[in-house]
$ cat my_file-v2.cif   # mmCIF, C-alpha atoms
data_work
#
loop_
_atom_site.group_PDB
_atom_site.id
_atom_site.type_symbol
_atom_site.label_atom_id
_atom_site.label_comp_id
_atom_site.auth_asym_id
_atom_site.auth_seq_id
_atom_site.Cartn_x
_atom_site.Cartn_y
_atom_site.Cartn_z
ATOM 1 C CA MET A 28 -44.003 -24.232 54.082
ATOM 2 C CA HIS A 29 -40.745 -22.328 53.678
ATOM 3 C CA PRO A 30 -39.899 -20.138 56.709
ATOM 4 C CA ARG A 31 -39.816 -16.983 54.574
ATOM 5 C CA THR A 32 -43.269 -17.719 53.202
ATOM 6 C CA GLU A 33 -44.575 -18.370 56.697
ATOM 7 C CA GLU A 34 -42.969 -15.180 58.011
ATOM 8 C CA VAL A 35 -44.628 -13.058 55.318
ATOM 9 C CA LEU A 36 -48.031 -14.680 55.805
ATOM 10 C CA ASN A 37 -47.800 -14.184 59.575
ATOM 11 C CA CYS A 38 -47.023 -10.505 58.987
ATOM 12 C CA LEU A 39 -50.071 -10.159 56.723
ATOM 13 C CA ASP A 40 -52.284 -11.953 59.251
ATOM 14 C CA ALA A 41 -51.105 -9.778 62.150
ATOM 15 C CA GLN A 42 -51.762 -6.631 60.166
ATOM 16 C CA ARG A 43 -55.219 -7.865 59.163
ATOM 17 C CA LYS A 44 -56.112 -8.302 62.855
ATOM 18 C CA GLU A 45 -55.038 -4.698 63.468
ATOM 19 C CA LEU A 46 -57.176 -3.539 60.552
ATOM 20 C CA ARG A 47 -60.221 -5.413 61.836
ATOM 21 C CA ALA A 48 -59.758 -3.897 65.295
ATOM 22 C CA ALA A 49 -59.572 -0.413 63.782
ATOM 23 C CA ILE A 50 -62.748 -1.004 61.775
ATOM 24 C CA ASP A 51 -64.534 -2.334 64.851
ATOM 25 C CA SER A 52 -63.563 0.812 66.764
ATOM 26 C CA VAL A 53 -65.731 2.869 64.403
ATOM 27 C CA PRO A 54 -69.479 2.521 65.010
ATOM 28 C CA LEU A 55 -71.187 0.431 62.346
ATOM 29 C CA ASP A 56 -73.511 3.266 61.317
ATOM 30 C CA ALA A 57 -70.531 5.627 60.783
ATOM 31 C CA ARG A 58 -68.352 3.403 58.578
ATOM 32 C CA ASN A 59 -69.896 4.669 55.338
ATOM 33 C CA THR A 60 -69.552 8.329 56.314
ATOM 34 C CA ALA A 61 -66.601 10.463 55.254
ATOM 35 C CA PRO A 62 -65.461 12.704 58.126
ATOM 36 C CA ALA A 63 -65.095 15.713 55.806
ATOM 37 C CA ALA A 64 -65.217 16.724 52.168
ATOM 38 C CA ASN A 65 -62.342 15.260 50.145
ATOM 39 C CA GLN A 66 -61.714 12.561 52.762
ATOM 40 C CA TRP A 67 -62.474 8.872 52.501
ATOM 41 C CA SER A 68 -64.934 6.947 54.635
ATOM 42 C CA VAL A 69 -63.926 3.674 56.295
ATOM 43 C CA ALA A 70 -65.774 1.886 53.485
ATOM 44 C CA GLN A 71 -63.773 3.757 50.877
ATOM 45 C CA VAL A 72 -60.489 2.934 52.618
ATOM 46 C CA LEU A 73 -61.476 -0.737 52.510
ATOM 47 C CA ASP A 74 -62.374 -0.427 48.831
ATOM 48 C CA HIS A 75 -58.962 1.104 48.108
ATOM 49 C CA LEU A 76 -57.235 -1.752 49.970
ATOM 50 C CA THR A 77 -59.292 -4.243 47.966
ATOM 51 C CA ILE A 78 -58.233 -2.683 44.669
ATOM 52 C CA VAL A 79 -54.564 -2.749 45.684
ATOM 53 C CA ASP A 80 -54.687 -6.360 46.944
ATOM 54 C CA ARG A 81 -56.350 -7.468 43.691
ATOM 55 C CA ARG A 82 -53.755 -5.707 41.563
ATOM 56 C CA VAL A 83 -50.822 -7.053 43.561
ATOM 57 C CA ALA A 84 -52.327 -10.574 43.540
ATOM 58 C CA ALA A 85 -52.535 -10.499 39.756
ATOM 59 C CA GLY A 86 -48.964 -9.232 39.495
ATOM 60 C CA VAL A 87 -47.510 -11.675 42.013
ATOM 61 C CA GLY A 88 -49.250 -14.611 40.350
ATOM 62 C CA LYS A 89 -47.940 -13.628 36.926
ATOM 63 C CA TRP A 90 -44.425 -12.827 38.117
ATOM 64 C CA ILE A 91 -44.093 -16.152 39.928
ATOM 65 C CA ALA A 92 -45.538 -18.135 37.009
ATOM 66 C CA ASP A 93 -43.187 -16.423 34.562
ATOM 67 C CA ALA A 94 -40.172 -16.971 36.825
ATOM 68 C CA ARG A 95 -41.023 -20.629 37.384
ATOM 69 C CA ALA A 96 -41.485 -21.143 33.638
ATOM 70 C CA THR A 97 -37.979 -19.807 33.047
ATOM 71 C CA GLY A 98 -36.371 -22.033 35.671
ATOM 72 C CA LEU A 99 -36.608 -20.234 39.003
ATOM 73 C CA GLY A 100 -34.691 -22.266 41.555
ATOM 74 C CA GLU A 101 -35.497 -23.311 45.096
ATOM 75 C CA GLU A 102 -35.194 -20.882 47.975
ATOM 76 C CA THR A 103 -31.880 -21.381 49.753
ATOM 77 C CA GLU A 104 -32.004 -18.247 51.916
ATOM 78 C CA MET A 105 -33.336 -18.594 55.438
ATOM 79 C CA THR A 106 -32.750 -15.054 56.696
ATOM 80 C CA SER A 107 -35.696 -12.907 57.664
ATOM 81 C CA VAL A 108 -37.283 -10.730 55.003
ATOM 82 C CA LEU A 109 -38.968 -8.484 57.581
ATOM 83 C CA GLY A 110 -37.395 -5.057 57.672
ATOM 84 C CA THR A 111 -36.225 -5.235 54.055
ATOM 85 C CA ILE A 112 -38.570 -2.451 52.951
ATOM 86 C CA PRO A 113 -38.989 0.967 54.571
ATOM 87 C CA ALA A 114 -42.166 0.174 56.527
ATOM 88 C CA GLU A 115 -41.981 3.452 58.434
ATOM 89 C CA ARG A 116 -42.003 5.334 55.143
ATOM 90 C CA ILE A 117 -45.113 3.441 54.047
ATOM 91 C CA THR A 118 -46.999 3.933 57.313
ATOM 92 C CA ASP A 119 -45.974 7.576 57.873
ATOM 93 C CA ARG A 120 -49.345 9.385 57.878
ATOM 94 C CA SER A 121 -47.678 12.809 58.141
ATOM 95 C CA ARG A 122 -46.653 12.379 54.520
ATOM 96 C CA LYS A 123 -49.759 12.602 52.356
ATOM 97 C CA VAL A 124 -49.945 10.382 49.289
ATOM 98 C CA GLU A 125 -52.441 11.011 46.507
ATOM 99 C CA ALA A 126 -53.760 7.713 45.192
ATOM 100 C CA PRO A 127 -53.584 7.408 41.417
ATOM 101 C CA GLU A 128 -56.959 7.331 39.685
ATOM 102 C CA GLU A 129 -56.829 3.577 39.018
ATOM 103 C CA ILE A 130 -56.686 2.735 42.726
ATOM 104 C CA ARG A 131 -59.110 5.330 44.065
ATOM 105 C CA PRO A 132 -62.172 3.915 45.804
ATOM 106 C CA ARG A 133 -65.734 4.084 44.618
ATOM 107 C CA THR A 134 -67.921 6.673 46.313
ATOM 108 C CA ASP A 135 -70.956 4.429 46.775
ATOM 109 C CA VAL A 136 -69.557 1.524 48.794
ATOM 110 C CA ASP A 137 -70.879 -0.163 51.901
ATOM 111 C CA ALA A 138 -68.368 -1.120 54.601
ATOM 112 C CA GLU A 139 -69.768 -4.595 55.231
ATOM 113 C CA THR A 140 -69.927 -5.453 51.536
ATOM 114 C CA VAL A 141 -66.478 -4.154 50.775
ATOM 115 C CA TRP A 142 -65.029 -5.974 53.823
ATOM 116 C CA ALA A 143 -66.168 -9.252 52.236
ATOM 117 C CA GLU A 144 -64.577 -8.168 48.946
ATOM 118 C CA LEU A 145 -61.346 -7.326 50.770
ATOM 119 C CA GLU A 146 -61.265 -10.745 52.397
ATOM 120 C CA GLN A 147 -61.702 -12.366 48.970
ATOM 121 C CA ALA A 148 -58.954 -10.186 47.501
ATOM 122 C CA ARG A 149 -56.622 -11.155 50.356
ATOM 123 C CA ALA A 150 -57.362 -14.848 49.789
ATOM 124 C CA LYS A 151 -56.364 -14.409 46.135
ATOM 125 C CA LEU A 152 -53.207 -12.550 47.140
ATOM 126 C CA ARG A 153 -52.233 -15.336 49.541
ATOM 127 C CA ALA A 154 -52.994 -18.010 46.938
ATOM 128 C CA ALA A 155 -50.888 -16.232 44.315
ATOM 129 C CA PHE A 156 -47.997 -15.898 46.772
ATOM 130 C CA LEU A 157 -48.244 -19.551 47.794
ATOM 131 C CA THR A 158 -47.652 -20.644 44.186
ATOM 132 C CA GLY A 159 -44.075 -19.595 44.867
ATOM 133 C CA ASP A 160 -43.638 -21.311 48.227
ATOM 134 C CA GLY A 161 -40.177 -22.834 48.362
ATOM 135 C CA PHE A 162 -38.915 -20.946 45.326
ATOM 136 C CA ALA A 163 -36.293 -18.179 45.367
ATOM 137 C CA LEU A 164 -38.778 -15.312 45.392
ATOM 138 C CA GLY A 165 -36.052 -12.898 46.421
ATOM 139 C CA GLN A 166 -34.816 -13.208 42.836
ATOM 140 C CA VAL A 167 -38.187 -12.249 41.336
ATOM 141 C CA VAL A 168 -38.003 -8.451 41.175
ATOM 142 C CA GLN A 169 -40.536 -5.972 39.820
ATOM 143 C CA THR A 170 -40.610 -2.196 40.114
ATOM 144 C CA HIS A 171 -42.963 -0.598 42.602
ATOM 145 C CA PRO A 172 -44.039 2.948 41.620
ATOM 146 C CA VAL A 173 -42.747 4.447 44.882
ATOM 147 C CA LEU A 174 -40.307 1.918 46.352
ATOM 148 C CA GLY A 175 -38.516 1.065 43.100
ATOM 149 C CA PRO A 176 -37.301 -2.473 42.351
ATOM 150 C CA ILE A 177 -38.499 -4.886 45.045
ATOM 151 C CA ASN A 178 -38.812 -8.662 45.145
ATOM 152 C CA VAL A 179 -41.977 -10.728 45.664
ATOM 153 C CA TYR A 180 -41.429 -11.029 49.424
ATOM 154 C CA GLN A 181 -41.152 -7.265 49.586
ATOM 155 C CA TRP A 182 -44.287 -6.791 47.489
ATOM 156 C CA MET A 183 -46.159 -8.844 50.060
ATOM 157 C CA LEU A 184 -44.615 -6.867 52.905
ATOM 158 C CA PHE A 185 -45.611 -3.704 51.084
ATOM 159 C CA CYS A 186 -49.223 -4.947 51.180
ATOM 160 C CA ALA A 187 -48.942 -5.403 54.941
ATOM 161 C CA GLY A 188 -47.392 -1.960 55.380
ATOM 162 C CA HIS A 189 -49.943 -0.356 53.073
ATOM 163 C CA GLU A 190 -52.706 -1.931 55.115
ATOM 164 C CA GLY A 191 -50.972 -0.622 58.253
ATOM 165 C CA ARG A 192 -51.011 2.893 56.832
ATOM 166 C CA HIS A 193 -54.726 2.659 56.165
ATOM 167 C CA THR A 194 -55.375 1.058 59.546
ATOM 168 C CA LEU A 195 -54.015 4.279 61.039
ATOM 169 C CA GLN A 196 -56.217 6.253 58.660
ATOM 170 C CA ILE A 197 -59.305 4.360 59.824
ATOM 171 C CA ARG A 198 -58.436 5.175 63.428
ATOM 172 C CA GLU A 199 -58.096 8.843 62.435
ATOM 173 C CA ILE A 200 -61.475 8.702 60.677
ATOM 174 C CA GLY A 201 -63.055 7.269 63.832
ATOM 175 C CA GLU A 202 -61.536 10.045 65.937
ATOM 176 C CA GLN A 203 -62.730 12.721 63.499
ATOM 177 C CA LEU A 204 -66.253 11.313 63.463
ATOM 178 C CA ASP A 205 -66.270 11.110 67.281
ATOM 179 C CA SER A 206 -65.109 14.739 67.515
ATOM 180 C CA ALA A 207 -67.758 15.881 65.044
ATOM 181 C CA GLU A 208 -70.458 13.991 66.964
ATOM 182 C CA GLY A 209 -69.258 15.481 70.249
ATOM 183 C CA ALA A 210 -69.361 18.974 68.766
ATOM 184 C CA THR A 211 -72.996 18.560 67.724
ATOM 185 C CA ALA A 212 -74.170 16.917 70.958
#

$ encode --input "my_file-v2.cif" --output "structure tokens"
Amino acid sequence: MHPRTEEVLNCLDAQRKELRAAIDSVPLDARNTAPAANQWSVAQVLDHLTIVDRRVAAGVGKWIADARATGLGEETEMTSVLGTIPAERITDRSRKVEAPEEIRPRTDVDAETVWAELEQARAKLRAAFLTGDGFALGQVVQTHPVLGPINVYQWMLFCAGHEGRHTLQIREIGEQLDSAEGATA
């Protein structure tokens, strides 16, 4: 496996562990409960992440296939791709971002069910990315709606950062639910 591929996959795996820890910090019976009107539940956050991973997996798979079909060369770069996107901008929870309609979660989701769907979506994302292992994915550029033109490595790092943003959101949801429970006790 090319070092850049491995680096990106390790980043995704580390972030997934953080996400799982955040989910586990919220009591099982509270994961389907939104802390307030117009806020997402943990289950809905997971559904949103699933939708995004599925969409990016489809894009990455297509972009790599198209680039390979037109003669994409081997990866010659060995420098790190970490830090090549503004991760702090992605994870900054003080800046609210309204999800477009097409990536908004369903309202009737169950956290355990949607976790399984998220794991499947991540497996597809990884598989799509691995079709480009060893190829010059830094040359395969597509426009992100917020970040602008970014390459395939950066799309994958965006997924990790996006998951990091929502990991923080899940922690906030847990705190809000704890505070609400404490206020009623």

$ residues_around --input "my_file-v2.cif" --residues "stretch 124-133 of chain A" --least-positions-apart "2" --cutoff "6 Å" --atoms "all atoms listed in the file" --output "number ranges by chain"
A: 71, 74-75, 78, 135

$ resolve_selection --input "my_file-v2.cif" --expression "the PyMOL selection byres ((chain A and resi 108) around 8)" --output "list in words"
Arg31, Glu34, Val35, Thr106, Ser107, Leu109, Gly110, Thr111, Tyr180 and Gln181 of chain A

$ atom_distance --input "my_file-v2.cif" --atom1 "atom CA of A:Ala187" --atom2 "atom CA of A:Trp90"
18.9 Å

$ residues_around --input "my_file-v2.cif" --residues "A:Ile117" --least-positions-apart "6" --cutoff "7 Å" --atoms "all atoms listed in the file" --output "mmCIF file with C-alpha atoms, in the coordinates of the input"
data_model
loop_
_atom_site.group_PDB
_atom_site.id
_atom_site.type_symbol
_atom_site.label_atom_id
_atom_site.label_comp_id
_atom_site.auth_asym_id
_atom_site.auth_seq_id
_atom_site.Cartn_x
_atom_site.Cartn_y
_atom_site.Cartn_z
ATOM 1 C CA GLY A 188 -47.392 -1.960 55.380
ATOM 2 C CA HIS A 189 -49.943 -0.356 53.073
ATOM 3 C CA ARG A 192 -51.011 2.893 56.832
#

$ residues_around --input "my_file-v2.cif" --residues "A:Pro54" --least-positions-apart "3" --cutoff "10 Å" --atoms "all atoms listed in the file" --output "list in words"
Ile50, Asp51, Ala57, Arg58, Asn59, Gly201, Leu204 and Asp205 of chain A

$ atom_distance --input "my_file-v2.cif" --atom1 "atom CA of A:Gly86" --atom2 "atom CA of A:His193"
21.3 Å

$ atom_distance --input "my_file-v2.cif" --atom1 "atom CA of A:Arg95" --atom2 "atom CA of A:Cys38"
24.6 Å

$ resolve_selection --input "my_file-v2.cif" --expression "the PyMOL selection byres ((chain A and resi 61) around 12)" --output "PyMOL selection string"
chain A and resi 53+56-60+62-72+134-138+196-197+199-204+207
